[in-house]
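One file, structure-v4.pdb, carrying PDB, C-alpha atoms:
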```pdb
ATOM      1  CA  MET E 280      23.666   4.617  11.291
ATOM      2  CA  LYS E 281      20.365   6.363  10.603
ATOM      3  CA  ASN E 282      19.946   4.148   7.549
ATOM      4  CA  ILE E 283      19.878   1.121   9.822
ATOM      5  CA  VAL E 284      17.012   2.628  11.825
ATOM      6  CA  TYR E 285      14.994   3.157   8.623
ATOM      7  CA  ILE E 286      15.739  -0.379   7.473
ATOM      8  CA  LEU E 287      14.640  -1.734  10.870
ATOM      9  CA  LEU E 288      11.418   0.307  10.815
ATOM     10  CA  GLY E 289      10.718  -0.972   7.304
ATOM     11  CA  THR E 290      11.436  -4.542   8.378
ATOM     12  CA  PHE E 291       9.059  -4.206  11.300
ATOM     13  CA  LEU E 292       6.393  -2.735   9.005
ATOM     14  CA  GLY E 293       6.897  -5.594   6.558
ATOM     15  CA  ILE E 294       6.474  -8.230   9.263
ATOM     16  CA  VAL E 295       3.389  -6.504  10.721
ATOM     17  CA  LEU E 296       1.639  -6.164   7.345
ATOM     18  CA  TYR E 297       2.578  -9.676   6.261
ATOM     19  CA  LYS E 298       1.586 -11.340   9.543
ATOM     20  CA  SER E 299      -1.681  -9.398   9.876
ATOM     21  CA  GLU E 300      -2.509 -10.482   6.300
ATOM     22  CA  ALA E 301      -2.984  -6.858   5.219
ATOM     23  CA  ALA E 302      -0.634  -7.850   2.372
ATOM     24  CA  SER E 303      -2.988 -10.628   1.259
ATOM     25  CA  TRP E 304      -5.004 -10.149  -1.944
ATOM     26  CA  PHE E 305      -7.775 -12.201  -0.290
ATOM     27  CA  ARG E 306      -8.119  -9.784   2.642
ATOM     28  CA  ILE E 307      -8.474  -6.807   0.291
ATOM     29  CA  TYR E 308     -11.198  -8.585  -1.696
ATOM     30  CA  GLU E 309     -12.955  -9.563   1.530
ATOM     31  CA  MET E 310     -12.779  -5.945   2.714
ATOM     32  CA  PHE E 311     -14.440  -4.632  -0.451
ATOM     33  CA  GLN E 312     -17.118  -7.331  -0.020
ATOM     34  CA  PHE E 313     -17.729  -6.178   3.604
ATOM     35  CA  ASP E 314     -17.463  -9.853   4.618
ATOM     36  CA  SER E 315     -15.090  -9.342   7.541
ATOM     37  CA  PHE E 316     -14.151  -6.705  10.091
ATOM     38  CA  HIS E 317     -10.436  -7.603   9.881
ATOM     39  CA  MET E 318      -9.143  -4.882   7.516
ATOM     40  CA  TYR E 319     -11.467  -2.244   8.970
ATOM     41  CA  GLY E 320     -10.145  -3.198  12.404
ATOM     42  CA  ILE E 321      -6.536  -2.738  11.270
ATOM     43  CA  ILE E 322      -7.164   0.642   9.616
ATOM     44  CA  GLY E 323      -9.548   1.782  12.359
ATOM     45  CA  SER E 324      -7.266   0.898  15.279
ATOM     46  CA  ALA E 325      -4.266   2.380  13.432
ATOM     47  CA  LEU E 326      -6.263   5.596  13.097
ATOM     48  CA  ALA E 327      -7.460   5.622  16.696
ATOM     49  CA  VAL E 328      -3.876   5.374  17.943
ATOM     50  CA  GLY E 329      -2.549   7.537  15.095
ATOM     51  CA  VAL E 330      -4.867  10.474  15.824
ATOM     52  CA  VAL E 331      -3.761  10.498  19.485
ATOM     53  CA  LEU E 332      -0.040  10.231  18.631
ATOM     54  CA  VAL E 333      -0.154  12.962  15.962
ATOM     55  CA  PHE E 334      -2.171  15.193  18.295
ATOM     56  CA  TRP E 335       0.412  14.655  21.026
ATOM     57  CA  ILE E 336       3.349  15.330  18.689
ATOM     58  CA  LYS E 337       1.789  18.603  17.512
ATOM     59  CA  LYS E 338       0.530  19.730  20.919
ATOM     60  CA  SER E 339       3.681  18.985  22.892
ATOM     61  CA  LYS E 340       5.914  20.549  20.214
ATOM     62  CA  VAL E 341       8.277  17.671  20.859
ATOM     63  CA  LYS E 342      11.521  17.868  18.864
ATOM     64  CA  SER E 343      12.620  15.105  16.539
ATOM     65  CA  PHE E 344      15.232  12.587  17.713
ATOM     66  CA  THR E 345      17.860  14.711  15.973
ATOM     67  CA  GLY E 346      16.667  17.901  17.651
ATOM     68  CA  GLU E 347      14.835  19.517  14.733
ATOM     69  CA  LEU E 348      11.384  21.075  14.939
ATOM     70  CA  ILE E 349       8.729  18.709  13.629
ATOM     71  CA  SER E 350       6.345  20.084  11.063
ATOM     72  CA  ILE E 351       3.507  18.006   9.663
ATOM     73  CA  PRO E 352       2.412  19.960   6.598
ATOM     74  CA  ASP E 353      -1.274  20.155   5.708
ATOM     75  CA  LYS E 354      -2.280  18.454   2.463
ATOM     76  CA  GLU E 355      -2.769  20.822  -0.452
ATOM     77  CA  LYS E 356      -6.430  21.857  -0.847
ATOM     78  CA  SER E 357      -8.167  20.372  -3.866
ATOM     79  CA  PHE E 358     -11.024  18.071  -4.754
ATOM     80  CA  ALA E 359     -10.447  16.781  -8.288
ATOM     81  CA  ARG E 360      -7.022  15.246  -7.806
ATOM     82  CA  TYR E 361      -8.029  13.404  -4.636
ATOM     83  CA  ILE E 362     -11.299  11.967  -5.895
ATOM     84  CA  LEU E 363     -10.033  11.126  -9.411
ATOM     85  CA  GLY E 364      -6.593   9.899  -8.367
ATOM     86  CA  GLY E 365      -8.116   8.095  -5.399
ATOM     87  CA  THR E 366     -10.637   6.270  -7.588
ATOM     88  CA  LEU E 367      -7.949   5.160 -10.058
ATOM     89  CA  PHE E 368      -5.824   3.982  -7.150
ATOM     90  CA  GLY E 369      -8.783   2.098  -5.674
ATOM     91  CA  LEU E 370      -9.380   0.255  -8.957
ATOM     92  CA  GLY E 371      -5.751  -0.862  -8.949
ATOM     93  CA  TRP E 372      -5.685  -1.637  -5.229
ATOM     94  CA  ALA E 373      -8.614  -4.057  -5.554
ATOM     95  CA  LEU E 374      -7.294  -5.720  -8.731
ATOM     96  CA  ALA E 375      -3.692  -6.097  -7.559
ATOM     97  CA  GLY E 376      -4.863  -6.792  -4.004
ATOM     98  CA  ALA E 377      -1.927  -4.730  -2.815
ATOM     99  CA  CYS E 378      -1.063  -1.088  -2.258
ATOM    100  CA  PRO E 379       2.549   0.145  -2.565
ATOM    101  CA  GLY E 380       3.780  -1.021   0.878
ATOM    102  CA  PRO E 381       2.562  -4.605   0.451
ATOM    103  CA  ILE E 382       3.916  -4.684  -3.140
ATOM    104  CA  TYR E 383       7.456  -4.347  -1.745
ATOM    105  CA  ILE E 384       6.686  -6.770   1.070
ATOM    106  CA  LEU E 385       5.404  -9.430  -1.335
ATOM    107  CA  VAL E 386       8.575  -9.142  -3.421
ATOM    108  CA  GLY E 387      10.459 -10.119  -0.268
ATOM    109  CA  ALA E 388       7.992 -12.897   0.475
ATOM    110  CA  GLY E 389       8.918 -14.400  -2.887
ATOM    111  CA  TYR E 390       5.673 -14.051  -4.861
ATOM    112  CA  TRP E 391       7.525 -13.242  -8.073
ATOM    113  CA  PRO E 392       4.547 -12.218 -10.256
ATOM    114  CA  ILE E 393       4.167  -9.186  -7.944
ATOM    115  CA  VAL E 394       7.261  -7.817  -9.721
ATOM    116  CA  ILE E 395       5.014  -7.258 -12.781
ATOM    117  CA  VAL E 396       2.684  -5.213 -10.548
ATOM    118  CA  LEU E 397       5.683  -3.227  -9.285
ATOM    119  CA  ILE E 398       6.882  -2.511 -12.839
ATOM    120  CA  GLY E 399       3.339  -1.423 -13.739
ATOM    121  CA  ALA E 400       3.246   0.870 -10.697
ATOM    122  CA  ILE E 401       6.570   2.521 -11.583
ATOM    123  CA  LEU E 402       5.328   2.949 -15.172
ATOM    124  CA  GLY E 403       2.095   4.488 -13.846
ATOM    125  CA  ALA E 404       4.025   6.974 -11.691
ATOM    126  CA  PHE E 405       6.199   7.804 -14.725
ATOM    127  CA  VAL E 406       3.221   8.424 -17.033
ATOM    128  CA  TYR E 407       1.606  10.585 -14.325
ATOM    129  CA  GLY E 408       4.758  12.739 -14.306
ATOM    130  CA  LEU E 409       4.486  13.140 -18.097
ATOM    131  CA  VAL E 410       0.807  14.064 -18.295
ATOM    132  CA  ARG E 411       0.191  15.764 -14.946
ATOM    133  CA  ALA E 412       0.118  19.287 -16.453
ATOM    134  CA  ARG E 413      -2.904  18.272 -18.523
ATOM    135  CA  LEU E 414      -4.896  16.739 -15.631
ATOM    136  CA  PRO E 415      -7.342  18.586 -13.365
ATOM    137  CA  HIS E 416      -5.738  19.076  -9.955
TER
ATOM    138  CA  MET J  69       1.257 -16.697  19.033
ATOM    139  CA  LEU J  70       3.957 -15.158  16.839
ATOM    140  CA  TYR J  71       3.447 -17.844  14.218
ATOM    141  CA  GLN J  72      -0.325 -17.419  14.026
ATOM    142  CA  PRO J  73      -1.841 -14.589  11.951
ATOM    143  CA  TRP J  74      -1.675 -11.392  14.008
ATOM    144  CA  PRO J  75      -5.055  -9.940  15.024
ATOM    145  CA  TRP J  76      -6.148  -6.500  13.821
ATOM    146  CA  TYR J  77      -5.881  -4.932  17.281
ATOM    147  CA  VAL J  78      -2.197  -5.779  17.359
ATOM    148  CA  ALA J  79      -1.402  -4.758  13.779
ATOM    149  CA  GLY J  80      -3.282  -1.433  13.686
ATOM    150  CA  PRO J  81      -1.628   0.176  16.737
ATOM    151  CA  LEU J  82       1.802  -1.092  15.608
ATOM    152  CA  ILE J  83       1.310   0.600  12.215
ATOM    153  CA  ALA J  84       0.421   3.849  14.007
ATOM    154  CA  ILE J  85       3.553   3.551  16.148
ATOM    155  CA  ILE J  86       5.719   3.060  13.036
ATOM    156  CA  MET J  87       4.140   6.194  11.562
ATOM    157  CA  ALA J  88       4.811   8.165  14.765
ATOM    158  CA  LEU J  89       8.431   6.979  14.903
ATOM    159  CA  LEU J  90       8.979   8.159  11.310
ATOM    160  CA  ILE J  91       7.490  11.557  12.220
ATOM    161  CA  LEU J  92       9.760  11.698  15.277
ATOM    162  CA  MET J  93      12.695  10.958  12.963
ATOM    163  CA  GLY J  94      11.694  14.126  11.083
ATOM    164  CA  LYS J  95      10.216  12.146   8.171
ATOM    165  CA  LYS J  96       6.788  10.839   7.200
ATOM    166  CA  PHE J  97       5.003   7.570   6.543
ATOM    167  CA  GLY J  98       4.369   7.305   2.799
ATOM    168  CA  MET J  99       5.259   4.348   0.622
ATOM    169  CA  SER J 100       4.089   5.484  -2.811
ATOM    170  CA  SER J 101       6.439   8.447  -3.246
ATOM    171  CA  ASN J 102       9.189   5.853  -3.629
ATOM    172  CA  LEU J 103       7.681   4.982  -7.021
ATOM    173  CA  GLU J 104       8.636   8.487  -8.193
ATOM    174  CA  THR J 105      12.088   8.146  -6.696
ATOM    175  CA  PHE J 106      12.572   4.954  -8.747
ATOM    176  CA  CYS J 107      11.598   6.955 -11.858
ATOM    177  CA  SER J 108      14.101   9.695 -10.982
ATOM    178  CA  LEU J 109      16.844   7.142 -10.367
ATOM    179  CA  GLY J 110      16.035   5.524 -13.723
ATOM    180  CA  GLY J 111      16.599   8.799 -15.570
ATOM    181  CA  ALA J 112      12.977  10.003 -15.909
ATOM    182  CA  GLY J 113      14.260  13.563 -15.402
ATOM    183  CA  LYS J 114      15.215  13.492 -19.098
ATOM    184  CA  PHE J 115      11.515  13.316 -19.989
ATOM    185  CA  SER J 116       9.936  15.583 -17.371
ATOM    186  CA  ASP J 117      11.256  18.172 -14.931
ATOM    187  CA  TYR J 118       8.847  16.657 -12.405
ATOM    188  CA  PHE J 119      11.386  13.867 -11.874
ATOM    189  CA  LYS J 120      14.382  16.193 -11.519
ATOM    190  CA  VAL J 121      14.698  15.886  -7.765
ATOM    191  CA  ASP J 122      17.568  15.384  -5.385
ATOM    192  CA  THR J 123      17.236  11.644  -4.822
ATOM    193  CA  LYS J 124      19.659  11.812  -1.879
ATOM    194  CA  SER J 125      16.924  13.483   0.177
ATOM    195  CA  LYS J 126      14.680  10.490  -0.575
ATOM    196  CA  ARG J 127      17.180   7.837   0.375
ATOM    197  CA  TRP J 128      15.789   7.313   3.869
ATOM    198  CA  ASN J 129      12.477   6.187   2.350
ATOM    199  CA  LEU J 130      14.233   3.738   0.021
ATOM    200  CA  MET J 131      15.765   2.255   3.188
ATOM    201  CA  VAL J 132      12.232   1.769   4.532
ATOM    202  CA  VAL J 133      11.390  -0.024   1.263
ATOM    203  CA  LEU J 134      14.477  -2.196   1.587
ATOM    204  CA  GLY J 135      13.404  -3.047   5.127
ATOM    205  CA  SER J 136       9.873  -3.890   3.947
ATOM    206  CA  VAL J 137      11.266  -6.371   1.445
ATOM    207  CA  LEU J 138      13.311  -7.910   4.239
ATOM    208  CA  GLY J 139      10.267  -7.944   6.534
ATOM    209  CA  GLY J 140       8.227  -9.737   3.884
ATOM    210  CA  PHE J 141      10.982 -12.314   3.566
ATOM    211  CA  LEU J 142      11.172 -12.899   7.324
ATOM    212  CA  GLY J 143       7.395 -12.952   7.729
ATOM    213  CA  ALA J 144       6.947 -15.493   4.957
ATOM    214  CA  GLN J 145      10.000 -17.705   5.545
ATOM    215  CA  TRP J 146      10.333 -17.772   9.321
ATOM    216  CA  LEU J 147       7.101 -16.671  10.916
ATOM    217  CA  SER J 148       4.418 -18.370   8.848
ATOM    218  CA  PRO J 149       4.334 -22.157   8.874
ATOM    219  CA  ASN J 150       0.831 -22.015   7.366
ATOM    220  CA  PRO J 151       0.372 -19.139   4.902
ATOM    221  CA  ALA J 152      -3.314 -19.884   4.121
ATOM    222  CA  VAL J 153      -5.505 -16.871   4.876
ATOM    223  CA  ASP J 154      -8.631 -17.775   6.808
ATOM    224  CA  ILE J 155     -11.070 -15.523   4.947
ATOM    225  CA  SER J 156     -14.798 -15.666   5.647
ATOM    226  CA  GLU J 157     -16.884 -18.441   4.185
ATOM    227  CA  GLN J 158     -19.007 -16.101   2.065
ATOM    228  CA  THR J 159     -15.822 -14.681   0.538
ATOM    229  CA  VAL J 160     -14.570 -18.163  -0.329
ATOM    230  CA  ILE J 161     -17.874 -18.986  -2.048
ATOM    231  CA  LYS J 162     -17.852 -15.729  -4.049
ATOM    232  CA  LEU J 163     -14.252 -16.286  -5.121
ATOM    233  CA  LYS J 164     -14.837 -19.903  -6.172
ATOM    234  CA  ASP J 165     -17.695 -18.630  -8.348
ATOM    235  CA  LEU J 166     -15.167 -16.342 -10.030
ATOM    236  CA  GLY J 167     -12.810 -19.279 -10.592
ATOM    237  CA  PHE J 168     -10.432 -18.703  -7.661
ATOM    238  CA  GLU J 169     -10.057 -22.265  -6.400
ATOM    239  CA  SER J 170      -7.175 -21.229  -4.096
ATOM    240  CA  ALA J 171      -9.485 -19.071  -1.955
ATOM    241  CA  GLY J 172      -9.026 -20.004   1.705
ATOM    242  CA  ALA J 173      -5.997 -22.177   0.961
ATOM    243  CA  ALA J 174      -3.220 -19.694   0.104
ATOM    244  CA  TYR J 175      -1.785 -16.273   0.988
ATOM    245  CA  LEU J 176      -2.262 -14.939  -2.539
ATOM    246  CA  PRO J 177      -4.449 -16.481  -5.268
ATOM    247  CA  THR J 178      -2.311 -18.938  -7.218
ATOM    248  CA  GLU J 179      -4.524 -18.101 -10.230
ATOM    249  CA  LEU J 180      -2.671 -14.735 -10.413
ATOM    250  CA  PHE J 181       0.481 -15.001  -8.337
ATOM    251  CA  SER J 182       2.108 -18.331  -9.164
ATOM    252  CA  ILE J 183       4.785 -18.895 -11.783
ATOM    253  CA  GLU J 184       2.441 -21.343 -13.574
ATOM    254  CA  ALA J 185      -0.229 -18.624 -13.857
ATOM    255  CA  LEU J 186       2.207 -16.558 -15.928
ATOM    256  CA  ALA J 187       1.785 -19.035 -18.790
ATOM    257  CA  ASN J 188      -1.480 -17.172 -19.432
ATOM    258  CA  PRO J 189      -0.869 -13.790 -21.134
ATOM    259  CA  LYS J 190      -4.120 -12.478 -19.626
ATOM    260  CA  VAL J 191      -2.537 -12.701 -16.169
ATOM    261  CA  TRP J 192       0.394 -10.524 -17.306
ATOM    262  CA  ILE J 193      -2.030  -7.895 -18.586
ATOM    263  CA  ILE J 194      -4.099  -7.976 -15.373
ATOM    264  CA  LEU J 195      -1.031  -7.566 -13.150
ATOM    265  CA  LEU J 196       0.498  -4.841 -15.323
ATOM    266  CA  VAL J 197      -2.751  -2.843 -15.572
ATOM    267  CA  ALA J 198      -3.397  -3.242 -11.827
ATOM    268  CA  GLY J 199       0.096  -1.947 -11.069
ATOM    269  CA  PHE J 200      -0.282   0.915 -13.524
ATOM    270  CA  LEU J 201      -3.529   2.050 -11.863
ATOM    271  CA  VAL J 202      -1.897   1.853  -8.428
ATOM    272  CA  GLY J 203       1.128   3.898  -9.534
ATOM    273  CA  PHE J 204      -0.735   6.482 -11.597
ATOM    274  CA  GLY J 205      -3.610   6.830  -9.137
ATOM    275  CA  THR J 206      -1.490   7.174  -6.034
ATOM    276  CA  ARG J 207       0.721   9.879  -7.518
ATOM    277  CA  TYR J 208      -2.296  11.744  -8.898
ATOM    278  CA  ALA J 209      -3.954  11.561  -5.472
ATOM    279  CA  GLY J 210      -0.660  12.445  -3.784
ATOM    280  CA  GLY J 211      -0.571   9.388  -1.549
ATOM    281  CA  CYS J 212      -1.744   5.842  -0.953
ATOM    282  CA  THR J 213      -2.997   3.897   2.025
ATOM    283  CA  SER J 214      -0.025   4.905   4.183
ATOM    284  CA  GLY J 215       0.096   8.574   3.159
ATOM    285  CA  HIS J 216      -3.637   9.294   3.098
ATOM    286  CA  ALA J 217      -5.608   6.585   4.946
ATOM    287  CA  ILE J 218      -3.156   6.361   7.869
ATOM    288  CA  SER J 219      -0.997   9.517   7.988
ATOM    289  CA  GLY J 220      -3.442  12.012   6.477
ATOM    290  CA  LEU J 221      -6.499  10.870   8.411
ATOM    291  CA  SER J 222      -4.458  10.698  11.639
ATOM    292  CA  ASN J 223      -3.748  14.386  11.039
ATOM    293  CA  LEU J 224      -7.471  14.996  10.326
ATOM    294  CA  GLN J 225      -6.858  16.153   6.755
ATOM    295  CA  ARG J 226      -9.987  16.652   4.645
ATOM    296  CA  PRO J 227      -8.066  15.999   1.367
ATOM    297  CA  SER J 228      -7.081  12.578   2.704
ATOM    298  CA  LEU J 229     -10.705  11.807   3.491
ATOM    299  CA  ILE J 230     -11.643  12.678  -0.111
ATOM    300  CA  ALA J 231      -8.824  10.436  -1.362
ATOM    301  CA  VAL J 232      -9.926   7.529   0.862
ATOM    302  CA  ILE J 233     -13.495   7.918  -0.395
ATOM    303  CA  GLY J 234     -12.006   7.690  -3.895
ATOM    304  CA  PHE J 235     -10.083   4.530  -2.885
ATOM    305  CA  PHE J 236     -13.384   2.929  -1.917
ATOM    306  CA  ILE J 237     -15.304   4.124  -4.995
ATOM    307  CA  GLY J 238     -12.586   2.539  -7.159
ATOM    308  CA  GLY J 239     -12.205  -0.600  -5.063
ATOM    309  CA  LEU J 240     -15.933  -1.279  -4.815
ATOM    310  CA  ALA J 241     -16.410  -0.675  -8.552
ATOM    311  CA  MET J 242     -13.559  -3.057  -9.348
ATOM    312  CA  VAL J 243     -14.716  -5.881  -7.077
ATOM    313  CA  HIS J 244     -18.464  -5.633  -7.672
ATOM    314  CA  LEU J 245     -18.768  -4.429 -11.273
ATOM    315  CA  LEU J 246     -15.536  -5.336 -13.063
ATOM    316  CA  PHE J 247     -14.446  -8.608 -11.427
ATOM    317  CA  PRO J 248     -17.361 -10.569 -12.960
ATOM    318  CA  LEU J 249     -16.264  -9.269 -16.393
ATOM    319  CA  ILE J 250     -12.526  -9.831 -15.876
ATOM    320  CA  PHE J 251     -12.696 -13.234 -14.187
ATOM    321  CA  GLU J 252     -15.538 -15.052 -15.828
ATOM    322  CA  ALA J 253     -15.183 -18.636 -14.704
TER
END
```
Step by step, read the file and then write its structure as structure tokens.
Amino acid sequence: MKNIVYILLGTFLGIVLYKSEAASWFRIYEMFQFDSFHMYGIIGSALAVGVVLVFWIKKSKVKSFTGELISIPDKEKSFARYILGGTLFGLGWALAGACPGPIYILVGAGYWPIVIVLIGAILGAFVYGLVRARLPH
Amino acid sequence: MLYQPWPWYVAGPLIAIIMALLILMGKKFGMSSNLETFCSLGGAGKFSDYFKVDTKSKRWNLMVVLGSVLGGFLGAQWLSPNPAVDISEQTVIKLKDLGFESAGAAYLPTELFSIEALANPKVWIILLVAGFLVGFGTRYAGGCTSGHAISGLSNLQRPSLIAVIGFFIGGLAMVHLLFPLIFEA
């Protein structure tokens, strides 16, 4: 039953990102060229609403739908992993024109070459797991 | 309305609501951790203890992925009679200079994302390397656009701000410095 809710949320996310063109390679390129407000509008308005919702969830100590306490853990403190990992991710994001969510969405949309990107991404996550002990974190 | 591209002020708040619903389900909004779950399911635990995790506890997120695939299918097949993305005129000019003739006329550049494009081995390398950077980078940074730019910044996390600054350093370097080298027309 709960699985169906997650599938529905994912489906909704997929439709929103596809229809708003956040899953379009062209929109990502345009964003990094600062040629349009579109992507900044999506991220900015998501944040404006997101900050209020997260604040409300934390402040009101509302319980989850299944009655558990909600905890939103703070991100681990560090600089190196975020700036280095973030930069590598950004290089890939701009070249692939898709971050992980849109990669899955584009598989569904039938753009088959995105499967190569997905395989590359899984490989990248795998290699990170192998070498992570030797990286600055 | 539904069949036109959705404006940013509709999409952004809806994304935030999806994030909030996941938090209210006792979970979180993060798409890239699924890449690690795929590794674990594929037996990566044999090579590194990092991948020895209880994949059952990650199943909910795989359901979100499954839904995303379905959403992409519905969005593309039923809700988009005209998939061309109406990017700005300057962007079209810049892309045509780089050899992207499909700029302004498609959802994704056919120069990279059509079956015909795969006849060129260079395209395979570009897509594979791009994916690798996404997968490696997002796990190193501990999150991607959903986990850091949306969830982390919504929770006012300084680490997420550092990661997002990294996203832009990498993205700007790729588009402005490396694209002219990779896609010489």
query: For this file, the PyMOL selection byres ((chain J and resi 77) around 10) selects which residues, as a PyMOL selection string?
result: (chain E and resi 299+317+320-325) or (chain J and resi 74-76+78-82)
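Between CA of Tyr118 in chain J and CA of Gly289 in chain E the separation is 26.5 Å.
Applied to the file shown here, the PyMOL selection byres ((chain E and resi 315) around 12) selects Phe305, Arg306, Ile307, Tyr308, Glu309, Met310, Phe311, Gln312, Phe313, Asp314, Phe316, His317, Met318, Tyr319, Gly320 and Ile321 of chain E; Trp76, Asp154, Ile155, Ser156, Glu157, Gln158, Thr159 and Val160 of chain J.
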- request: In the coordinates of the file, take the point (-5.0, -16.6, 3.4) and a cut-off of 7 Å; then, counting all atoms listed in the file, name each qualifying protein, DNA or RNA residue as a ChimeraX atom specification.
  value: /E:303,305 /J:151-155,172-176
message: Give me, as JSON, numbers by chain, all polymer residues having an atom no more than 12 Å from Ala373 in chain E, counting all atoms listed in the file and skipping those fewer than 6 positions away in the same chain.
response: {"E": [302, 303, 304, 305, 306, 307, 308, 309, 310, 311, 312, 366, 367], "J": [194, 195, 197, 198, 199, 201, 202, 235, 236, 237, 238, 239, 240, 241, 242, 243, 244, 245, 246, 247]}
message: Once the PyMOL selection byres ((chain E and resi 375-392) around 6) has been evaluated on this model, what residues remain selected, and can you format them as a count of residues only?
response: 21
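From CA of Phe204 in chain J back to CA of Tyr407 in chain E, the distance works out to 5.5 Å.
Straight-line separation from CA of Ala88 in chain J to CA of Val295 in chain E: 15.3 Å.
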message: Given all atoms listed in the file as the basis, pick out the residue of E:Phe368, E:Tyr361, E:Phe405, E:Phe344 nearest to Lys281 in chain E.
response: E:Phe344
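In terms of minimum interatomic distance to Lys95 in chain J, J:Asn129 ranks closest within J:Ser182, J:Asn188, J:Gln225, J:Asn129, counting all atoms listed in the file.
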message: Show me the residues close to (18.5, 13.7, -6.7) - anything with an atom within 12 Å, counting only C-alpha atoms - and format the list as a PyMOL selection string.
response: chain J and resi 104-113+117-127
field: Minimum-distance residue to Phe334 in chain E, chosen among J:Ile91, J:Leu130, J:Leu142, J:Ile230 (using all atoms listed in the file)
entry: J:Ile91
Leu70 in chain J surroundings by all atoms listed in the file, 9 Å radius, close-in-sequence under 2 positions cut, as a CSV table (one decimal) with C-alpha atoms, keeping the file's coordinate frame:
```csv
chain,number,residue,atom,x,y,z
E,298,LYS,CA,1.6,-11.3,9.5
J,72,GLN,CA,-0.3,-17.4,14.0
J,73,PRO,CA,-1.8,-14.6,12.0
J,74,TRP,CA,-1.7,-11.4,14.0
J,147,LEU,CA,7.1,-16.7,10.9
J,148,SER,CA,4.4,-18.4,8.8
```
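Summary of the local environment: counting all atoms listed in the file, residues at most 12 Å from Arg360 in chain E, other than itself and those fewer than 5 positions away along its chain, are E:Lys354, E:Glu355, E:Gly365, E:Thr366, E:Leu367, E:Phe368, E:Tyr407, E:Arg411, E:Ala412, E:Arg413, E:Leu414, E:Pro415, E:His416, J:Phe204, J:Gly205, J:Thr206, J:Arg207, J:Tyr208, J:Ala209, J:Gly210, J:Gly211, J:Pro227, J:Ser228, J:Ile230, J:Ala231, J:Val232, J:Gly234.
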